[in-house]
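Source file: my_file.cif (mmCIF, C-alpha atoms)
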```cif
data_entry
#
loop_
_atom_site.label_atom_id
_atom_site.label_comp_id
_atom_site.auth_asym_id
_atom_site.auth_seq_id
_atom_site.Cartn_x
_atom_site.Cartn_y
_atom_site.Cartn_z
CA MET A 1 74.44 103.45 114.77
CA THR A 2 72.69 100.10 114.71
CA ASN A 3 74.74 97.22 113.44
CA LYS A 4 73.20 95.11 110.73
CA ILE A 5 73.92 91.57 109.70
CA ILE A 6 75.15 91.29 106.16
CA ALA A 7 75.28 88.24 103.94
CA MET A 8 78.35 86.05 103.98
CA ARG A 9 78.28 85.71 100.24
CA LYS A 10 80.21 88.47 98.48
CA LYS A 11 81.49 88.92 94.96
CA LEU A 12 85.17 89.35 94.23
CA ILE A 13 85.80 92.01 91.64
CA LEU A 14 88.84 92.80 89.56
CA LEU A 15 89.30 96.35 88.39
CA CYS A 16 91.39 97.68 85.53
CA ALA A 17 93.55 100.76 85.66
CA VAL A 18 95.69 102.53 83.11
CA ALA A 19 98.84 104.38 84.10
CA SER A 20 98.74 108.12 83.48
CA SER A 21 100.78 110.04 80.92
CA ALA A 22 104.11 111.61 81.82
CA ILE A 23 104.21 114.97 83.58
CA VAL A 24 107.45 116.93 83.40
CA ILE A 25 108.89 119.44 85.83
CA SER A 26 110.66 122.18 83.94
CA SER A 27 111.84 124.84 86.36
CA CYS A 28 113.19 125.49 89.82
CA GLU A 29 110.18 127.47 91.01
CA GLU A 30 106.99 126.07 89.45
CA LEU A 31 105.63 122.75 88.28
CA ASP A 32 104.91 122.69 84.58
CA ASN A 33 102.10 120.17 84.28
CA ASP A 34 101.21 120.77 80.63
CA ILE A 35 100.53 117.18 79.54
CA GLU A 36 99.91 118.15 75.93
CA LYS A 37 103.28 119.89 75.81
CA HIS A 38 105.38 117.29 77.63
CA GLY A 39 103.47 114.03 77.22
CA GLY A 40 104.56 113.16 73.71
CA GLY A 41 106.34 109.93 74.66
CA ASP A 42 104.84 106.48 74.66
CA GLY A 43 104.56 106.46 78.47
CA ASP A 44 103.28 103.46 80.33
CA LYS A 45 100.38 102.14 78.27
CA ASP A 46 100.14 98.74 79.88
CA THR A 47 96.76 97.88 81.35
CA VAL A 48 97.29 96.54 84.85
CA GLU A 49 94.72 94.38 86.62
CA THR A 50 94.59 95.33 90.27
CA VAL A 51 92.51 93.75 92.97
CA SER A 52 89.55 95.56 94.47
CA LEU A 53 90.38 96.58 98.05
CA GLU A 54 86.76 96.15 99.12
CA ALA A 55 86.61 92.66 97.64
CA VAL A 56 89.76 91.61 99.50
CA ALA A 57 88.45 93.03 102.79
CA GLN A 58 85.20 91.10 102.35
CA MET A 59 87.12 87.93 101.53
CA LEU A 60 89.36 88.24 104.61
CA SER A 61 86.30 88.75 106.79
CA GLU A 62 84.76 85.54 105.50
CA ILE A 63 87.69 83.14 105.85
CA PRO A 64 87.93 81.28 109.20
CA ILE A 65 90.81 83.27 110.74
CA GLY A 66 92.08 81.75 113.97
CA GLU A 67 94.83 82.37 116.52
CA GLU A 68 97.54 81.01 114.23
CA GLN A 69 96.62 83.44 111.44
CA LEU A 70 96.44 86.35 113.89
CA ASP A 71 99.98 85.52 115.03
CA GLU A 72 101.11 85.32 111.40
CA VAL A 73 99.81 88.78 110.52
CA PHE A 74 101.12 90.29 113.78
CA SER A 75 104.56 88.80 113.15
CA ALA A 76 104.65 90.27 109.64
CA VAL A 77 103.55 93.81 110.54
CA SER A 78 105.91 93.87 113.54
CA SER A 79 108.82 92.82 111.34
CA SER A 80 107.97 95.47 108.74
CA SER A 81 107.97 98.10 111.47
CA GLU A 82 111.34 96.92 112.82
CA ASN A 83 112.75 97.18 109.30
CA GLY A 84 111.78 100.85 109.06
CA TYR A 85 108.51 100.47 107.15
CA ASP A 86 104.85 100.83 108.07
CA GLU A 87 102.90 98.18 110.01
CA GLU A 88 102.12 96.22 106.85
CA TYR A 89 101.84 92.70 105.45
CA THR A 90 101.96 92.59 101.67
CA MET A 91 100.05 90.00 99.68
CA ARG A 92 103.33 89.17 97.98
CA ASP A 93 104.86 88.14 101.32
CA LEU A 94 101.63 86.50 102.46
CA PHE A 95 101.79 84.04 99.56
CA ARG A 96 105.57 83.63 99.24
CA LEU A 97 106.98 84.09 102.77
CA PRO A 98 104.15 83.72 105.33
CA GLY A 99 104.74 85.79 108.43
CA SER A 100 107.52 87.87 106.85
CA GLY A 101 107.56 91.65 106.83
CA VAL A 102 108.69 94.15 104.22
CA GLY A 103 112.49 94.00 103.94
CA ASP A 104 112.90 90.51 105.41
CA ASP A 105 113.75 89.04 102.01
CA ARG A 106 116.66 91.49 101.71
CA LEU A 107 118.24 90.58 105.04
CA PRO A 108 121.24 88.18 105.13
CA GLU A 109 120.32 84.52 105.19
CA GLY A 110 119.77 83.31 108.72
CA SER A 111 119.73 86.78 110.27
CA LYS A 112 116.06 86.46 111.19
CA SER A 113 114.26 83.24 112.06
CA ARG A 114 110.92 82.63 110.38
CA ALA A 115 108.07 80.78 112.05
CA GLU A 116 106.43 77.80 110.41
CA TYR A 117 102.64 77.84 110.13
CA ARG A 118 100.55 74.70 109.81
CA THR A 119 97.74 76.64 108.14
CA PRO A 120 98.98 80.00 106.89
CA MET A 121 96.61 82.68 105.62
CA ARG A 122 97.37 81.76 102.01
CA ASP A 123 95.91 78.26 102.56
CA LEU A 124 92.68 79.70 103.95
CA ILE A 125 92.39 82.08 100.99
CA THR A 126 93.06 79.30 98.48
CA GLU A 127 90.51 77.00 100.08
CA TYR A 128 87.96 79.81 100.20
CA LEU A 129 88.37 80.64 96.51
CA HIS A 130 88.11 77.00 95.46
CA SER A 131 84.83 76.72 97.36
CA ARG A 132 83.23 79.43 95.25
CA HIS A 133 81.78 79.16 91.77
CA ASP A 134 81.03 82.77 90.83
CA THR A 135 84.31 84.70 91.15
CA LYS A 136 84.23 87.21 88.33
CA SER A 137 86.45 89.82 86.77
CA GLY A 138 85.52 93.45 86.34
CA ALA A 139 84.35 92.60 82.82
CA GLY A 140 81.92 90.04 84.24
CA GLN A 141 83.92 87.04 83.10
CA VAL A 142 84.29 84.06 85.43
CA ILE A 143 87.91 83.65 86.55
CA THR A 144 89.63 80.71 88.19
CA PRO A 145 90.97 80.75 91.77
CA GLU A 146 94.49 80.52 90.34
CA GLN A 147 93.92 83.65 88.24
CA PHE A 148 92.64 85.57 91.23
CA ILE A 149 95.56 84.44 93.41
CA ASP A 150 98.06 85.41 90.70
CA ALA A 151 96.45 88.86 90.43
CA LEU A 152 96.46 89.26 94.22
CA GLU A 153 100.06 88.12 94.67
CA SER A 154 101.37 90.43 91.95
CA SER A 155 99.36 93.43 93.16
CA ASP A 156 100.40 96.08 95.69
CA VAL A 157 97.57 95.13 98.06
CA GLN A 158 98.45 94.62 101.72
CA ILE A 159 97.08 94.38 105.24
CA TYR A 160 97.83 97.50 107.29
CA TRP A 161 97.47 97.09 111.06
CA PRO A 162 97.59 100.50 112.80
CA PHE A 163 98.39 100.53 116.52
CA SER A 164 99.39 96.86 116.30
CA GLU A 165 101.63 97.29 119.34
CA ASN A 166 98.46 97.59 121.46
CA TRP A 167 97.15 94.16 120.47
CA ASP A 168 96.36 91.92 123.45
CA GLY A 169 97.23 88.74 121.55
CA LYS A 170 93.64 87.53 121.44
CA GLU A 171 91.24 90.10 119.96
CA PHE A 172 90.01 89.40 116.44
CA PRO A 173 90.10 92.23 113.91
CA ILE A 174 87.52 94.45 112.35
CA ILE A 175 88.48 94.39 108.67
CA THR A 176 88.03 97.49 106.53
CA PHE A 177 89.60 98.99 103.40
CA ASP A 178 90.93 102.28 102.08
CA PRO A 179 88.01 104.03 100.29
CA LEU A 180 90.58 105.99 98.23
CA ASP A 181 88.55 109.21 98.41
CA GLY A 182 90.15 110.87 101.43
CA ALA A 183 87.27 109.93 103.74
CA GLU A 184 88.02 109.43 107.44
CA THR A 185 85.31 106.79 108.00
CA ASN A 186 84.36 103.62 106.16
CA ILE A 187 82.45 100.39 106.66
CA GLY A 188 84.22 97.53 108.40
CA TYR A 189 83.45 93.86 108.83
CA ARG A 190 83.47 92.43 112.34
CA MET A 191 83.14 88.73 113.06
CA ALA A 192 80.38 87.83 115.50
CA VAL A 193 78.31 84.86 116.68
CA ASP A 194 74.49 84.98 116.47
CA GLU A 195 71.95 83.52 118.91
CA ASN A 196 72.22 80.16 117.16
CA GLY A 197 75.95 79.98 117.65
CA GLU A 198 76.66 80.54 113.95
CA ARG A 199 79.41 82.81 112.70
CA VAL A 200 78.12 85.99 111.05
CA ILE A 201 79.59 89.30 109.98
CA GLU A 202 78.50 92.65 111.39
CA GLU A 203 78.93 95.77 109.34
CA VAL A 204 80.20 98.67 111.46
CA ILE A 205 81.52 102.17 110.88
CA VAL A 206 85.29 102.45 111.38
CA ASP A 207 87.36 105.56 112.05
CA GLU A 208 90.86 106.22 113.36
CA GLN A 209 89.64 106.52 116.95
CA MET A 210 88.16 103.01 116.77
CA ALA A 211 91.40 101.70 115.24
CA SER A 212 93.34 103.10 118.21
CA GLU A 213 91.06 101.31 120.69
CA GLN A 214 90.23 98.05 118.92
CA THR A 215 92.02 95.68 116.55
CA VAL A 216 91.49 96.92 112.98
CA TRP A 217 93.02 95.65 109.76
CA VAL A 218 92.93 97.97 106.76
CA VAL A 219 93.26 96.57 103.25
CA ASN A 220 95.19 99.25 101.35
CA ARG A 221 97.99 99.60 98.80
CA ASN A 222 101.71 99.51 99.46
CA ASP A 223 103.83 102.57 98.69
CA ASP A 224 107.20 101.86 100.30
CA SER A 225 108.27 98.22 99.88
CA GLY A 226 110.25 98.95 96.71
CA TYR A 227 112.62 101.32 98.54
CA ASP A 228 115.38 100.82 101.08
CA SER A 229 114.41 102.41 104.39
CA LEU A 230 117.02 104.16 106.53
CA GLU A 231 116.83 101.21 108.89
CA MET A 232 117.70 98.77 106.11
CA LEU A 233 120.60 100.95 104.98
CA ARG A 234 121.97 101.12 108.54
CA ARG A 235 122.05 97.33 108.71
CA GLU A 236 124.54 97.30 105.84
CA ASP A 237 127.08 98.96 108.14
CA PRO A 238 129.52 96.52 109.78
CA ASP A 239 129.03 98.34 113.10
CA TRP A 240 125.28 97.71 113.07
CA GLY A 241 125.42 95.29 116.00
CA SER A 242 126.76 97.94 118.36
CA GLY A 243 125.65 101.16 116.72
CA GLY A 244 121.93 100.69 116.06
CA GLY A 245 119.95 103.77 115.06
CA SER A 246 122.84 106.13 115.77
CA ILE A 247 124.80 104.86 112.76
CA ILE A 248 125.17 107.53 110.09
CA VAL A 249 123.92 106.32 106.72
CA ARG A 250 126.16 107.24 103.82
CA PRO A 251 125.17 107.67 100.17
CA GLN A 252 126.07 104.79 97.86
CA TYR A 253 128.44 106.86 95.76
CA CYS A 254 130.71 107.87 98.67
CA ARG A 255 130.64 104.87 100.99
CA SER A 256 134.20 103.93 100.00
CA LEU A 257 135.69 107.28 101.02
CA PRO A 258 138.25 106.93 103.84
CA LEU A 259 137.01 109.95 105.79
CA TYR A 260 134.19 108.06 107.52
CA GLY A 261 134.71 106.67 110.98
CA SER A 262 138.04 108.44 111.54
CA LYS A 263 139.26 111.99 112.04
CA ALA A 264 142.13 113.60 110.22
CA GLY A 265 145.37 112.05 111.31
CA GLY A 266 143.65 109.00 112.83
CA GLU A 267 143.91 105.43 111.67
CA GLY A 268 142.76 105.20 108.07
CA GLY A 269 142.28 109.00 107.86
CA ALA A 270 144.15 111.86 106.24
CA ASP A 271 147.47 113.32 107.34
CA ALA A 272 147.47 115.69 110.29
CA ASP A 273 148.34 118.64 108.01
CA SER A 274 145.48 117.95 105.60
CA PRO A 275 142.51 120.36 105.70
CA LYS A 276 139.51 119.10 107.61
CA VAL A 277 136.63 117.62 105.68
CA ARG A 278 133.18 119.01 106.46
CA THR A 279 130.26 116.63 106.10
CA LEU A 280 126.61 117.72 106.16
CA VAL A 281 124.36 115.31 108.09
CA LEU A 282 120.61 115.48 108.60
CA ARG A 283 120.25 114.47 112.24
CA GLU A 284 116.49 114.69 112.87
CA PHE A 285 113.28 114.75 110.86
CA THR A 286 109.97 115.83 112.40
CA MET A 287 106.64 115.46 110.58
CA LEU A 288 104.16 118.17 111.57
CA ARG A 289 101.09 116.80 109.79
CA ASN A 290 99.87 113.59 108.19
CA TYR A 291 99.58 113.87 104.44
CA ASP A 292 97.02 111.15 103.67
CA SER A 293 93.87 109.67 105.11
CA TRP A 294 94.53 107.31 108.03
CA PHE A 295 93.36 104.41 105.85
CA ALA A 296 96.50 104.92 103.73
CA GLY A 297 98.79 104.55 106.75
CA ALA A 298 102.11 106.29 107.35
CA SER A 299 103.72 109.04 105.29
CA GLU A 300 106.73 108.14 103.13
CA PHE A 301 109.06 111.12 102.83
CA PHE A 302 111.99 111.42 100.45
CA VAL A 303 114.80 113.83 101.29
CA LYS A 304 116.85 114.70 98.21
CA MET A 305 119.85 117.01 98.07
CA GLY A 306 121.82 118.10 95.02
CA SER A 307 125.35 119.47 95.40
CA VAL A 308 128.89 119.35 94.03
CA GLU A 309 131.03 117.10 96.22
CA ASN A 310 134.66 117.94 97.12
CA PHE A 311 134.68 121.01 94.88
CA THR A 312 138.17 122.57 94.71
CA ALA A 313 138.39 123.92 91.16
CA SER A 314 140.69 126.93 90.77
CA THR A 315 139.91 127.77 87.12
CA GLU A 316 136.84 127.79 84.88
CA ALA A 317 138.36 124.92 82.89
CA GLU A 318 138.57 122.77 86.00
CA LEU A 319 134.92 123.54 86.74
CA ARG A 320 133.92 121.31 83.82
CA LEU A 321 135.64 118.34 85.47
CA TYR A 322 133.03 118.22 88.27
CA SER A 323 129.62 116.61 88.11
CA PRO A 324 126.77 117.21 90.57
CA THR A 325 125.58 114.45 92.89
CA VAL A 326 122.13 113.79 94.35
CA THR A 327 121.46 111.98 97.62
CA ASP A 328 118.02 110.43 98.02
CA PHE A 329 116.82 108.88 101.31
CA MET A 330 113.39 107.62 102.36
CA ILE A 331 111.98 107.81 105.87
CA VAL A 332 108.63 106.34 106.90
CA VAL A 333 106.93 108.33 109.65
CA LYS A 334 104.01 106.58 111.34
CA ARG A 335 100.91 108.62 112.05
CA LYS A 336 101.39 108.33 115.81
CA HIS A 337 104.81 110.00 115.45
CA LYS A 338 103.41 113.31 114.19
CA GLY A 339 105.34 116.06 115.97
CA VAL A 340 107.88 113.59 117.41
CA PRO A 341 111.51 114.03 116.17
CA GLN A 342 112.70 110.92 114.33
CA PRO A 343 116.43 110.09 114.05
CA PHE A 344 117.51 110.47 110.43
CA ASN A 345 121.33 110.38 110.69
CA ALA A 346 122.18 110.38 106.99
CA VAL A 347 124.94 112.12 105.05
CA LEU A 348 123.56 114.63 102.53
CA VAL A 349 126.87 116.16 101.40
CA SER A 350 129.99 114.15 102.16
CA ASP A 351 132.58 116.88 101.48
CA TRP A 352 131.34 120.46 101.81
CA THR A 353 134.24 122.71 100.77
CA ASP A 354 134.47 126.48 101.19
CA GLN A 355 133.80 126.87 97.45
CA LEU A 356 130.36 125.25 97.65
CA THR A 357 128.11 128.21 98.47
CA GLN A 358 124.66 126.78 97.79
CA CYS A 359 123.00 123.37 97.44
CA ALA A 360 119.49 122.31 96.39
CA LEU A 361 117.09 120.57 98.79
CA MET A 362 113.75 118.93 98.04
CA ILE A 363 111.46 117.01 100.40
CA THR A 364 108.52 115.08 98.96
CA GLU A 365 105.81 112.80 100.31
CA ASP A 366 105.44 109.84 97.99
CA ASP A 367 102.22 109.48 96.00
CA GLY A 368 103.58 107.73 92.92
CA GLY A 369 103.03 108.71 89.31
CA THR A 370 105.35 109.15 86.36
CA ARG A 371 109.06 109.58 87.04
CA THR A 372 110.31 113.03 86.09
CA SER A 373 112.72 115.58 87.62
CA TRP A 374 113.12 119.01 89.15
CA LYS A 375 115.72 121.11 87.34
CA CYS A 376 117.60 123.32 89.77
CA THR A 377 121.11 124.58 90.49
CA ALA A 378 123.90 124.51 93.05
CA LEU A 379 126.28 127.44 93.29
CA VAL A 380 130.06 127.16 93.45
CA ARG A 381 132.75 129.84 93.60
CA VAL A 382 135.81 129.95 91.34
CA GLU A 383 138.23 132.88 91.40
CA SER A 384 135.70 135.03 93.33
CA LYS A 385 133.00 134.37 90.73
CA SER A 386 129.85 132.28 91.33
CA TYR A 387 128.75 129.63 88.86
CA GLY A 388 125.50 127.69 88.74
CA VAL A 389 125.72 123.93 88.26
CA GLU A 390 122.52 122.44 86.84
CA ILE A 391 121.08 119.46 88.71
CA ASN A 392 118.13 117.17 87.95
CA ILE A 393 116.54 115.84 91.13
CA PRO A 394 114.10 112.93 90.54
CA ILE A 395 110.45 113.25 91.56
CA ASN A 396 107.16 111.50 90.80
CA SER A 397 104.40 113.49 89.14
CA ARG A 398 101.84 112.90 91.90
CA ASP A 399 104.18 113.47 94.86
CA ASP A 400 103.37 116.15 97.40
CA ILE A 401 106.17 118.70 97.49
CA VAL A 402 106.75 119.43 101.17
CA TRP A 403 109.61 121.89 100.58
CA ARG A 404 112.11 122.71 97.86
CA GLY A 405 114.65 125.41 97.32
CA GLN A 406 118.30 126.35 97.79
CA LEU A 407 120.24 126.23 101.06
CA SER A 408 123.27 128.48 101.38
CA SER A 409 126.45 127.61 103.20
CA ARG A 410 125.81 130.71 105.33
CA TYR A 411 122.51 129.23 106.54
CA ILE A 412 123.97 125.76 107.08
CA PHE A 413 126.84 126.96 109.26
CA ALA A 414 124.77 129.55 111.14
CA ASN A 415 122.17 126.92 112.08
CA ASN A 416 124.47 124.01 112.85
CA ASN A 417 122.62 121.52 115.10
CA VAL A 418 119.59 123.82 115.32
CA THR A 419 116.08 122.71 114.34
CA GLY A 420 114.67 124.64 111.39
CA HIS A 421 111.17 124.80 109.90
CA PHE A 422 110.68 123.61 106.29
CA GLY A 423 107.01 123.62 105.33
CA ASP A 424 105.28 120.81 107.19
CA VAL A 425 108.49 119.27 108.55
CA ASP A 426 111.24 120.35 110.92
CA LEU A 427 114.86 119.44 110.14
CA LYS A 428 118.02 119.51 112.21
CA PHE A 429 121.27 119.67 110.22
CA GLU A 430 124.75 119.18 111.62
CA ILE A 431 128.18 119.81 110.17
CA LEU A 432 130.76 117.18 111.15
CA GLU A 433 134.47 117.79 110.74
CA TYR A 434 136.96 114.97 110.11
#
```
For the file at hand, write its structure as structure tokens.
Amino acid sequence: MTNKIIAMRKKLILLCAVASSAIVISSCEELDNDIEKHGGGDGDKDTVETVSLEAVAQMLSEIPIGEEQLDEVFSAVSSSSENGYDEEYTMRDLFRLPGSGVGDDRLPEGSKSRAEYRTPMRDLITEYLHSRHDTKSGAGQVITPEQFIDALESSDVQIYWPFSENWDGKEFPIITFDPLDGAETNIGYRMAVDENGERVIEEVIVDEQMASEQTVWVVNRNDDSGYDSLEMLRREDPDWGSGGGSIIVRPQYCRSLPLYGSKAGGEGGADADSPKVRTLVLREFTMLRNYDSWFAGASEFFVKMGSVENFTASTEAELRLYSPTVTDFMIVVKRKHKGVPQPFNAVLVSDWTDQLTQCALMITEDDGGTRTSWKCTALVRVESKSYGVEINIPINSRDDIVWRGQLSSRYIFANNNVTGHFGDVDLKFEILEY
């Protein structure tokens, strides 16, 4: 395809979007998406101004990016990746903490040094906007540079740099954007110099193959920065310095239990005559397919398990003393890791007793939407009778459901440390005894 020279002068456009009405999940087997039936609440009626991805990509292609700005973006996406997120640089961090990745602001003070930039990207953007006189909103109204910057900084827009680890430290990017329609190709803007030595922009066609061979920045929207990745949770462990990725992440509600880090009879553990505690850990997570277009980046999976912890009721009356618990962990799997087992190492059930006969498992790929829940049950046994304990597991209305259902204790123990197939992911569970 022949490249064509396009004008340097582009219009920045603000779009308006309205959050959708609530969608409710009502059963264990099927999604009940009857909006008229379940959408009677007020919902989220706020009108949110979001920044056009195409406009931002055009703007980034027109500002005079140099080596310092390349280093800034590379530092940010590398840090995000180290923190367990995608290779991303949010506009929020770009304006507030230049060169910082997702999660850096939640690390202990002084744990990560931050570079100082004489001319960070935010300065180039500010100067560019102040040099224009026709920046308009979606309604056609002229807006100030400050208004545009405020909208950009508060948006979920980011720079996604796939295959950033292959960067040679010099190559300038082709800048494209997520077309949001599932397409696998889109236009991109590549900086070039014409025969007169003047800087121009070439419009090219970009696909994932090109992104794997050349430097490509994708302007897309962030889906994971609001959550704690497994990597961030591991760093809360005092043994992080020596344990690294092998550290087992524990749910918030049971992190104070004495059973972790010691076996029965050991220092800080139970007495030698105490029964052993069985803990269910998800060791490995393998993604078998990418869920979104490559422009959207990695897949964000949530593994949620509902159970009844430490269940030892001996009568029906005691059954009412127990409440179900739900663990909820996020793992970001980069596109290049499709089919490659990723260490998960998180506790799903801290104390699996003989009376817990069935738990509920749901795996979703995050696509946002209205917060609702999946109503399901866990089974427990009291006096040789089985009882269902109702559990509400949170889910977003637009999430892809990768797998959901019940797991029996018989399956868990028969497949200890064996990889099993669950829809489009493979999981390896392990039972630990303390």
What residues come out when you apply the PyMOL selection byres ((chain A and resi 395) around 8) to this file, written as number ranges by chain?
A: 364, 371-374, 393-394, 396-397, 399
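From atom CA of Pro64 of chain A back to atom CA of Asn220 of chain A, the distance works out to 20.9 Å.
Each of A:Glu433, A:Asp86, A:Glu309, A:Asp150 was checked against Val380 of chain A using all atoms listed in the file; the smallest atom-to-atom distance is that of A:Glu309.
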Which value, in Å to one decimal, gives the distance between atom CA of Tyr189 of chain A and atom CA of Glu203 of chain A?
4.9 Å
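Residues lying at most 9 Å from (120.5, 122.9, 110.6) in file coordinates, with all atoms listed in the file considered, are Val281, Leu282, Arg283, Tyr411, Ile412, Phe413, Ala414, Asn415, Asn416, Asn417, Val418, Thr419, Gly420, Leu427, Lys428, Phe429, Glu430 and Ile431 of chain A.
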Residue nearest Asn310 of chain A among A:Gln147, A:Gln214, A:Gln355, A:Ser408 (counting all atoms listed in the file):
A:Gln355
For the file shown, report as a PyMOL selection string the outcome of the PyMOL selection byres ((chain A and resi 392) around 12) at residue level.
chain A and resi 24-28+304-307+323-327+360-362+371-378+389-391+393-395
Could you state which residues are captured by the PyMOL selection byres ((chain A and resi 56) around 9) in this file, as a ChimeraX atom specification?
/A:12-13,51-55,57-61,152,157,177,219
Put a box with edges along x, y and z around all the listed atoms of segment 275-293 of chain A, pad it by 3 Å on each side, then give me its centre and sizes in Å, one decimal, as JSON.
```
{"center_x": 118.2, "center_y": 115.0, "center_z": 108.3, "size_x": 54.6, "size_y": 16.7, "size_z": 15.2}
```
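For the residues A:Gly169, A:Ala151, A:Leu379, A:Ser225, ranking by smallest atom-to-atom distance to Ser80 of chain A using all atoms listed in the file places A:Ser225 first.
You will find atom CA of Gly99 of chain A at 7.0 Å from atom CA of Ala115 of chain A.
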Top pick for closest residue to Trp161 of chain A, considering A:Ser111, A:Leu321, A:Glu208, A:Pro343 and counting only C-alpha atoms:
A:Glu208
Expected residue set, 10 Å radius at (108.6, 96.4, 109.2), only C-alpha atoms, as JSON, numbers by chain
{"A": [75, 76, 77, 78, 79, 80, 81, 82, 83, 84, 85, 86, 87, 88, 89, 100, 101, 102, 103, 104, 225, 229, 231, 232]}
Could you pull the residues within 9 Å of Arg221 of chain A, counting only C-alpha atoms, minus those fewer than 4 positions along the same chain, as an MDAnalysis selection string?
chainID A and resid 53 90 155:160 178 296
For those residues, write C-alpha atoms to a file as a compact mmCIF listing (two decimals), in the frame of the given file.
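As written to disk, result.txt reads:
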```txt
# COMPACT_ATOMS: atom_id res chain seq x y z
CA LEU A 53 90.38 96.58 98.05
CA THR A 90 101.96 92.59 101.67
CA SER A 155 99.36 93.43 93.16
CA ASP A 156 100.40 96.08 95.69
CA VAL A 157 97.57 95.13 98.06
CA GLN A 158 98.45 94.62 101.72
CA ILE A 159 97.08 94.38 105.24
CA TYR A 160 97.83 97.50 107.29
CA ASP A 178 90.93 102.28 102.08
CA ALA A 296 96.50 104.92 103.73
```
One residue among A:Gln358, A:Thr119, A:Gln342, A:Ser384 is nearest to Leu70 of chain A when using all atoms listed in the file, and that residue is A:Thr119
Name the residues in contact with Thr312 of chain A at a cut-off of 12 Å, using only C-alpha atoms, excluding same-chain residues fewer than 5 positions from it; report them as number ranges by chain.
A: 318-322, 351-356, 380-383
